[in-house]
Structures are given as C-alpha cells and as structure tokens.
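K.L.:
You'll find model-v3.cif just under this line, and it carries mmCIF, C-alpha atoms.
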```cif
data_work
#
loop_
_atom_site.label_atom_id
_atom_site.label_comp_id
_atom_site.auth_asym_id
_atom_site.auth_seq_id
_atom_site.Cartn_x
_atom_site.Cartn_y
_atom_site.Cartn_z
CA MET A 30 11.75 -14.38 7.69
CA HIS A 31 13.70 -16.40 5.11
CA PHE A 32 15.58 -14.61 2.32
CA THR A 33 15.55 -16.61 -0.91
CA ALA A 34 17.27 -14.39 -3.52
CA GLU A 35 19.21 -11.14 -3.78
CA THR A 36 19.99 -8.78 -6.65
CA SER A 37 21.51 -5.30 -6.79
CA SER A 38 21.26 -2.53 -9.38
CA ASN A 39 21.23 1.26 -9.59
CA GLY A 40 21.89 1.69 -5.90
CA VAL A 41 19.10 -0.63 -4.75
CA VAL A 42 19.39 -4.09 -3.20
CA GLU A 43 16.30 -6.29 -3.75
CA ARG A 44 15.87 -9.32 -1.50
CA ASP A 45 13.06 -11.81 -1.98
CA PHE A 46 11.77 -13.29 1.27
CA THR A 47 9.01 -15.37 2.78
CA VAL A 48 7.26 -14.98 6.12
CA GLY A 49 5.38 -18.22 6.63
CA GLU A 50 3.57 -18.79 3.33
CA VAL A 51 3.64 -15.12 2.32
CA PRO A 52 6.21 -14.07 -0.33
CA GLY A 53 7.61 -10.56 -0.35
CA VAL A 54 10.49 -8.37 -1.47
CA LEU A 55 12.58 -5.88 0.50
CA PHE A 56 14.13 -2.94 -1.35
CA SER A 57 17.06 -1.34 0.49
CA PRO A 58 19.88 1.16 -0.12
CA GLU A 59 22.93 -0.49 -1.61
CA SER A 60 25.38 1.46 0.54
CA GLY A 61 25.80 0.50 4.18
CA SER A 62 23.47 -0.94 6.78
CA GLU A 63 22.55 2.16 8.76
CA LEU A 64 19.13 2.42 10.34
CA ALA A 65 16.55 3.90 7.96
CA PRO A 66 12.76 4.33 7.92
CA LEU A 67 10.58 1.58 6.48
CA VAL A 68 7.66 2.01 4.08
CA LEU A 69 5.20 -0.84 3.62
CA MET A 70 3.87 -0.80 0.05
CA ALA A 71 0.68 -2.61 -1.04
CA HIS A 72 -0.11 -3.36 -4.69
CA GLY A 73 -3.41 -2.84 -6.48
CA GLY A 74 -6.02 -5.40 -7.45
CA GLY A 75 -4.86 -8.10 -9.83
CA GLN A 76 -1.22 -7.07 -9.37
CA HIS A 77 1.64 -8.40 -7.26
CA LYS A 78 4.66 -7.39 -5.20
CA ARG A 79 6.82 -6.79 -8.28
CA ALA A 80 4.29 -4.94 -10.42
CA PRO A 81 6.05 -2.16 -12.37
CA GLY A 82 4.41 0.59 -10.32
CA ILE A 83 5.54 -0.99 -7.05
CA VAL A 84 9.11 -1.47 -8.24
CA GLY A 85 9.31 2.05 -9.67
CA ARG A 86 8.00 3.70 -6.49
CA ALA A 87 10.16 1.51 -4.28
CA HIS A 88 13.33 2.44 -6.19
CA ARG A 89 12.40 6.13 -6.00
CA PHE A 90 11.85 5.91 -2.24
CA VAL A 91 15.13 4.05 -1.73
CA THR A 92 17.36 6.20 -3.94
CA GLY A 93 15.64 9.51 -3.26
CA CYS A 94 15.03 9.20 0.49
CA GLY A 95 17.20 6.35 1.76
CA PHE A 96 14.16 4.31 2.88
CA HIS A 97 13.66 0.57 3.06
CA VAL A 98 10.51 -0.54 1.21
CA ALA A 99 8.73 -3.86 1.68
CA ALA A 100 5.99 -5.32 -0.53
CA ILE A 101 4.14 -8.62 -0.22
CA ASP A 102 1.69 -10.50 -2.42
CA ALA A 103 -1.89 -10.05 -1.22
CA PRO A 104 -3.93 -13.23 -0.72
CA GLY A 105 -4.76 -14.81 -4.08
CA HIS A 106 -2.30 -12.54 -5.91
CA GLY A 107 1.13 -13.04 -7.45
CA GLY A 108 2.48 -16.46 -6.60
CA ARG A 109 -0.24 -17.21 -4.04
CA PRO A 110 -3.06 -19.68 -4.76
CA ARG A 111 -6.65 -18.49 -4.96
CA THR A 112 -9.32 -19.85 -2.66
CA ALA A 113 -12.77 -20.87 -3.87
CA ALA A 114 -14.06 -17.56 -2.47
CA ASP A 115 -11.41 -15.67 -4.47
CA GLU A 116 -12.56 -17.37 -7.66
CA GLN A 117 -16.19 -16.55 -6.92
CA HIS A 118 -15.36 -12.89 -6.30
CA ILE A 119 -13.39 -12.64 -9.55
CA ALA A 120 -16.14 -14.35 -11.56
CA ALA A 121 -18.79 -11.99 -10.16
CA LEU A 122 -16.60 -8.97 -10.89
CA ARG A 123 -15.97 -10.03 -14.49
CA GLN A 124 -19.66 -10.76 -15.03
CA ALA A 125 -20.62 -7.30 -13.77
CA GLN A 126 -17.95 -5.69 -15.95
CA ALA A 127 -19.15 -7.54 -19.06
CA ALA A 128 -22.73 -6.49 -18.33
CA GLY A 129 -21.77 -2.86 -17.80
CA GLU A 130 -22.98 -2.98 -14.20
CA PRO A 131 -21.42 -0.98 -11.32
CA LEU A 132 -18.31 -2.70 -9.97
CA GLY A 133 -18.32 -0.98 -6.58
CA PRO A 134 -20.39 -3.53 -4.62
CA HIS A 135 -18.21 -6.40 -5.85
CA VAL A 136 -15.00 -4.52 -5.07
CA VAL A 137 -16.22 -3.82 -1.53
CA ARG A 138 -16.84 -7.52 -0.89
CA ILE A 139 -13.44 -8.44 -2.30
CA HIS A 140 -11.64 -5.88 -0.14
CA ILE A 141 -13.44 -6.94 3.05
CA ASP A 142 -12.39 -10.54 2.46
CA LEU A 143 -8.82 -9.61 1.52
CA ALA A 144 -8.35 -7.31 4.51
CA GLU A 145 -9.42 -10.00 6.97
CA ARG A 146 -6.59 -12.18 5.69
CA ALA A 147 -3.99 -9.58 4.72
CA VAL A 148 -3.93 -7.43 7.87
CA PRO A 149 -2.44 -10.16 10.11
CA GLU A 150 -0.02 -11.07 7.31
CA TRP A 151 1.24 -7.50 7.13
CA GLN A 152 1.62 -7.41 10.91
CA ALA A 153 3.63 -10.65 10.89
CA THR A 154 5.79 -9.28 8.08
CA LEU A 155 6.41 -6.08 10.03
CA ASP A 156 7.35 -8.12 13.10
CA ALA A 157 9.95 -9.97 11.02
CA LEU A 158 11.28 -6.85 9.28
CA GLN A 159 11.82 -5.05 12.57
CA GLN A 160 14.15 -7.81 13.69
CA LEU A 161 16.59 -6.80 10.95
CA PRO A 162 19.37 -4.56 12.32
CA GLN A 163 19.05 -2.01 9.49
CA ILE A 164 15.35 -1.47 10.32
CA GLY A 165 15.04 -2.15 14.05
CA ALA A 166 12.10 -2.31 16.42
CA GLU A 167 11.95 1.43 17.09
CA GLY A 168 12.33 2.77 13.55
CA PRO A 169 9.54 4.81 11.91
CA VAL A 170 7.11 2.99 9.62
CA GLY A 171 4.90 4.35 6.83
CA PHE A 172 2.30 2.73 4.60
CA TRP A 173 1.64 3.40 0.91
CA GLY A 174 -1.30 1.81 -0.90
CA ILE A 175 -3.97 3.09 -3.29
CA MET A 176 -6.98 1.30 -4.80
CA GLN A 177 -6.88 -2.24 -3.32
CA GLY A 178 -3.92 -1.10 -1.24
CA THR A 179 -6.27 1.33 0.49
CA GLY A 180 -8.86 -1.41 1.02
CA ILE A 181 -6.22 -3.34 2.97
CA GLY A 182 -4.18 -0.42 4.30
CA VAL A 183 -6.95 1.48 6.07
CA PRO A 184 -7.97 -1.50 8.27
CA LEU A 185 -4.28 -2.24 8.86
CA THR A 186 -3.36 1.31 9.86
CA ALA A 187 -6.43 1.49 12.14
CA VAL A 188 -5.11 -1.38 14.29
CA GLU A 189 -1.32 -1.03 13.83
CA PRO A 190 0.22 1.66 16.05
CA ARG A 191 3.66 1.21 14.49
CA ILE A 192 2.45 2.91 11.27
CA THR A 193 2.88 6.65 11.79
CA ALA A 194 2.08 8.09 8.33
CA ALA A 195 0.16 6.77 5.32
CA VAL A 196 -0.71 7.48 1.70
CA PHE A 197 -4.10 6.19 0.52
CA GLY A 198 -6.49 6.93 -2.33
CA CYS A 199 -8.59 5.98 -5.34
CA LEU A 200 -11.19 4.21 -3.23
CA GLY A 201 -14.49 5.11 -1.60
CA GLN A 202 -15.88 5.02 1.90
CA GLU A 203 -17.89 1.80 1.62
CA SER A 204 -16.81 -0.56 4.44
CA LEU A 205 -13.91 1.74 5.46
CA THR A 206 -15.58 4.60 7.35
CA GLU A 207 -15.33 3.00 10.79
CA ALA A 208 -11.66 2.07 10.37
CA ALA A 209 -10.81 5.51 8.95
CA ALA A 210 -12.38 7.17 11.99
CA ARG A 211 -9.80 5.37 14.18
CA ILE A 212 -6.82 6.67 12.19
CA THR A 213 -5.13 9.78 13.57
CA VAL A 214 -1.71 9.68 11.86
CA PRO A 215 -0.85 12.11 9.01
CA ILE A 216 -2.54 11.13 5.75
CA GLU A 217 -2.06 12.02 2.10
CA PHE A 218 -5.10 11.00 0.04
CA LEU A 219 -5.44 10.77 -3.74
CA VAL A 220 -8.66 11.24 -5.72
CA GLN A 221 -8.99 10.86 -9.49
CA TRP A 222 -11.66 13.43 -10.35
CA ASP A 223 -12.95 11.50 -13.38
CA ASP A 224 -12.67 8.01 -11.83
CA GLU A 225 -14.93 5.66 -13.76
CA HIS A 226 -15.00 3.07 -10.94
CA ILE A 227 -15.03 5.09 -7.71
CA ASP A 228 -17.74 7.65 -7.10
CA ARG A 229 -16.10 11.00 -6.41
CA ARG A 230 -18.44 11.73 -3.49
CA SER A 231 -17.55 8.42 -1.89
CA GLY A 232 -13.83 9.13 -2.16
CA LEU A 233 -14.27 12.56 -0.63
CA ALA A 234 -16.38 11.05 2.15
CA LEU A 235 -13.58 8.61 2.97
CA PHE A 236 -11.10 11.48 3.16
CA ASP A 237 -13.48 13.30 5.49
CA ALA A 238 -13.82 10.20 7.72
CA PHE A 239 -10.14 10.10 8.73
CA ALA A 240 -9.68 11.46 12.25
CA SER A 241 -6.19 12.72 11.40
CA LYS A 242 -5.49 16.33 12.33
CA GLU A 243 -3.05 16.48 9.44
CA LYS A 244 -4.50 15.17 6.19
CA THR A 245 -4.04 16.45 2.66
CA LEU A 246 -6.28 15.81 -0.36
CA HIS A 247 -4.69 15.55 -3.81
CA ALA A 248 -7.34 15.65 -6.55
CA ASN A 249 -6.15 15.13 -10.12
CA ALA A 250 -8.03 15.07 -13.42
CA GLY A 251 -8.21 11.69 -15.10
CA GLY A 252 -9.59 8.20 -14.74
CA HIS A 253 -8.98 5.44 -12.22
CA GLY A 254 -5.66 4.32 -13.65
CA GLU A 255 -4.33 7.77 -14.55
CA VAL A 256 -2.71 8.89 -11.29
CA PRO A 257 0.01 11.38 -12.32
CA GLY A 258 3.59 10.26 -11.98
CA PHE A 259 4.52 13.31 -9.92
CA GLU A 260 2.46 11.90 -7.04
CA VAL A 261 5.35 9.49 -6.42
CA ASP A 262 7.65 12.38 -5.52
CA SER A 263 4.89 14.00 -3.48
CA ALA A 264 4.52 10.79 -1.46
CA ALA A 265 8.30 10.60 -1.00
CA ARG A 266 8.39 14.16 0.37
CA PHE A 267 5.42 13.37 2.62
CA PHE A 268 7.20 10.36 4.12
CA ALA A 269 10.48 12.27 4.45
CA ARG A 270 8.64 14.88 6.55
CA HIS A 271 7.00 12.35 8.83
CA LEU A 272 9.44 9.44 8.95
CA GLY A 273 12.76 11.23 8.51
CA GLY A 274 15.16 10.48 5.71
CA THR A 275 16.21 12.70 2.84
CA ALA A 276 13.58 14.61 0.87
CA PRO A 277 13.96 13.92 -2.86
CA ALA A 278 15.13 16.68 -5.17
#
```
Please rewrite the model in this file as structure tokens.
P.N.:
Amino acid sequence: MHFTAETSSNGVVERDFTVGEVPGVLFSPESGSELAPLVLMAHGGGQHKRAPGIVGRAHRFVTGCGFHVAAIDAPGHGGRPRTAADEQHIAALRQAQAAGEPLGPHVVRIHIDLAERAVPEWQATLDALQQLPQIGAEGPVGFWGIMQGTGIGVPLTAVEPRITAAVFGCLGQESLTEAAARITVPIEFLVQWDDEHIDRRSGLALFDAFASKEKTLHANAGGHGEVPGFEVDSAARFFARHLGGTAPA
C-alpha cells in the first residue's frame, strides 16, 4: 500500500492510496491512532471511490462511530481504464436503455465480469489495510455496498471470512443466489419498492437466499435511486452493533 495524498477536515483524515494498480481512499478519525473497526465501502455503477454518496456515508461512519472506511475504484471506474469487454458491456446497456428494453440481463453480465476482477482486488486491499497499526489483522471488518456494490460484495463476502457483517441491497437474485447461500454473517438488506430497474420479487428472493440467521429487510417506497437518507444512520447503527464502535446519535 502506497499513500499518495492526505487531507483533513471536520474530524476526518482522508488518505489516497494505491494497492498495485488499484486506487483507493481511506477515511479515518482525525484524533489518535487507536484500533477501530474497518468498513469496506463499494460504489455503485458508473461511480467511483469519491462519489458524493460514498464520501458522505464514510464521513458519517467515521465521525458518528469512530470507524475507518476504505473505498476503491471498481475495474473500469474512476481513474481506471476500461477494457474492450467493459466498453462492449456499456454499449449494450446504453442501447437497451435507448430502446426501452429491460436492463437486468445486461447488468447481470456486467456484475459477473466485475466481480471476477474486483473480489481479489478487495482481498488484496484488505490485506494491506490490516497491516496498518490503527486497523490491525484481528480487527472487525464490515462491508457496505448497494446496487453494483452488492453485485461485487455478495461474491466477496461469500469467500472472505474476515467480513463479519454486511449491508447490501437494490439488486436481484440473478447470478447471486449461490454466493448468498454461503453467507451466514448478519445482513441488512435494502429494497426500493418501486424500483424501475430491479424486479421486486427478485430482490426479495435474494434476501431470502442469504443463509444468515440474523438478516433484516428494509423496504422503502421510491425508485432505484431514491434510497432514503436515514438508511445511512441505520447502517451505522447496524455496524456499531456487530463491529463495535460508538452508535451514532
């Protein structure tokens, strides 16, 4: 892990880093270097590690709970070059959108391809983060990712025993049922009841597929991009219960 830049504001230190060719950012409490839980945070499709939603949630988790939060650019996102396959996927998705066709089949193919590349990248990033003294090899680790973040996060959590709690959502069961059936850690799952891209029945089927004994479904009215802001605090309380740290007010 190589740190390339550092800034500090409002009680949060942000450090840009690279692990191999993968760029990321680590958000940490400004005060002290005591051990604290780590949350891995994955961005949505077409976004990047510093998308406003990622930064806002990360700051809330840091200042409200005392967590460290790490985000990386998914393959073909942010500052990372796209492969020929990435370009083909994007072209097919845009063509389907322009024609008013269902996007689901194209999204499934994109997520399968991304997960194959992103899962080992997240594992390498976690290896590097756990070498930092303020995180450590034995500290608790959570994962937050909805939409594309779920497409990557479910396969990751299924094979990564260091992740002990996760927030997923806004995605259906296609291609993820088998991986979800291997996940037994506590889960919080979000469904947008009026989602124009994800079939409600498919989202509920994915929730049902998780083998976790503790899993909670949060269903909210609204479309795909209308997840209520209060779900950020709900996720923070969820991680505080399962990872430790301070529950937000």
K.L.:
Contacts of range 40-53 of chain A at 7 Å or less, counting only C-alpha atoms, minus same-chain residues fewer than 3 places along, as number ranges by chain?
P.N.:
A: 30-37, 56-59, 78, 88, 91-92, 100-102, 154
K.L.:
Can you spit out the residues from that selection as a compact mmCIF listing (two decimals), keeping the file's coordinate frame, using C-alpha atoms?
P.N.:
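That gives us result12.txt:
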```txt
# COMPACT_ATOMS: atom_id res chain seq x y z
CA MET A 30 11.75 -14.38 7.69
CA HIS A 31 13.70 -16.40 5.11
CA PHE A 32 15.58 -14.61 2.32
CA THR A 33 15.55 -16.61 -0.91
CA ALA A 34 17.27 -14.39 -3.52
CA GLU A 35 19.21 -11.14 -3.78
CA THR A 36 19.99 -8.78 -6.65
CA SER A 37 21.51 -5.30 -6.79
CA PHE A 56 14.13 -2.94 -1.35
CA SER A 57 17.06 -1.34 0.49
CA PRO A 58 19.88 1.16 -0.12
CA GLU A 59 22.93 -0.49 -1.61
CA LYS A 78 4.66 -7.39 -5.20
CA HIS A 88 13.33 2.44 -6.19
CA VAL A 91 15.13 4.05 -1.73
CA THR A 92 17.36 6.20 -3.94
CA ALA A 100 5.99 -5.32 -0.53
CA ILE A 101 4.14 -8.62 -0.22
CA ASP A 102 1.69 -10.50 -2.42
CA THR A 154 5.79 -9.28 8.08
```
K.L.:
Please expand the PyMOL selection byres ((chain A and resi 116-119) around 9) into the concrete residues it hits in this file, giving the result as a PyMOL selection string.
P.N.:
chain A and resi 105+111-115+120-124+135-136+138-139
K.L.:
Calculated over only C-alpha atoms, which of the candidates A:Gln163, A:Ser263, A:Gln76, A:Ser241 has the smallest distance to Val98 in chain A?
P.N.:
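Checking each of A:Gln163, A:Ser263, A:Gln76, A:Ser241 against Val98 in chain A, counting only C-alpha atoms, the winner is A:Gln163.
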K.L.:
Could you check the closest approach to Val256 in chain A for each of A:Pro215, A:Thr193, A:Gly82, A:Gly182 and tell me which residue wins, using only C-alpha atoms?
P.N.:
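Between A:Pro215, A:Thr193, A:Gly82, A:Gly182, the residue approaching Val256 in chain A most closely is A:Gly82.
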K.L.:
Counting only C-alpha atoms, figure out which residue out of A:Gly165, A:Ala269, A:Gln126, A:Ile181 gets nearest to Asp142 in chain A.
P.N.:
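Result for the nearest residue to Asp142 in chain A: A:Ile181.
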K.L.:
So which residues get picked by the PyMOL selection byres ((chain A and resi 67) around 12) here, written as a PyMOL selection string?
P.N.:
chain A and resi 55-58+64-66+68-70+87+90-91+94-100+154-155+158-159+161+163-173+191-195+265+268-269+271-274
K.L.:
Residues at most 8 Å from range 258-261 of chain A, counting all atoms listed in the file, excluding those fewer than 3 positions away in the same chain, as a PyMOL selection string?
P.N.:
chain A and resi 86+89+264-265
K.L.:
Could you please determine the separation between CA of Glu207 in chain A and CA of Thr179 in chain A in Å, to one decimal place?
P.N.:
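Straight-line distance from CA of Glu207 in chain A to CA of Thr179 in chain A works out to 13.8 Å.
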K.L.:
Could you write out as a PDB file with C-alpha atoms, in the coordinates of the input the residues that the PyMOL selection byres ((chain A and resi 137) around 10) matches in the shown file?
P.N.:
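In the end it all went to expr_2.pdb:
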```pdb
ATOM      1  CA  LEU A 132     -18.310  -2.700  -9.970  1.00  0.00           C
ATOM      2  CA  GLY A 133     -18.320  -0.980  -6.580  1.00  0.00           C
ATOM      3  CA  PRO A 134     -20.390  -3.530  -4.620  1.00  0.00           C
ATOM      4  CA  HIS A 135     -18.210  -6.400  -5.850  1.00  0.00           C
ATOM      5  CA  VAL A 136     -15.000  -4.520  -5.070  1.00  0.00           C
ATOM      6  CA  ARG A 138     -16.840  -7.520  -0.890  1.00  0.00           C
ATOM      7  CA  ILE A 139     -13.440  -8.440  -2.300  1.00  0.00           C
ATOM      8  CA  HIS A 140     -11.640  -5.880  -0.140  1.00  0.00           C
ATOM      9  CA  ILE A 141     -13.440  -6.940   3.050  1.00  0.00           C
ATOM     10  CA  ASP A 142     -12.390 -10.540   2.460  1.00  0.00           C
ATOM     11  CA  LEU A 143      -8.820  -9.610   1.520  1.00  0.00           C
ATOM     12  CA  GLN A 177      -6.880  -2.240  -3.320  1.00  0.00           C
ATOM     13  CA  GLY A 180      -8.860  -1.410   1.020  1.00  0.00           C
ATOM     14  CA  LEU A 200     -11.190   4.210  -3.230  1.00  0.00           C
ATOM     15  CA  GLY A 201     -14.490   5.110  -1.600  1.00  0.00           C
ATOM     16  CA  GLN A 202     -15.880   5.020   1.900  1.00  0.00           C
ATOM     17  CA  GLU A 203     -17.890   1.800   1.620  1.00  0.00           C
ATOM     18  CA  SER A 204     -16.810  -0.560   4.440  1.00  0.00           C
ATOM     19  CA  LEU A 205     -13.910   1.740   5.460  1.00  0.00           C
TER      20      LEU A 205
END
```
K.L.:
If the box runs along x, y and z of the file and leaves 8 Å on each side of range 206-217 of chain A, what are its centre and edge lengths in Å, one decimal, as JSON?
P.N.:
```
{"center_x": -8.2, "center_y": 7.1, "center_z": 8.1, "size_x": 30.7, "size_y": 26.0, "size_z": 28.1}
```
K.L.:
Counting all atoms listed in the file, figure out which residue out of A:Gly108, A:Gly254, A:Gly93, A:Gly178 gets nearest to Arg266 in chain A.
P.N.:
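Comparing A:Gly108, A:Gly254, A:Gly93, A:Gly178 against Arg266 in chain A, the winner is A:Gly93.
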K.L.:
Could you please determine the separation between CA of Val183 in chain A and CA of Gly73 in chain A in Å, to one decimal place?
P.N.:
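The value is 13.7 Å.
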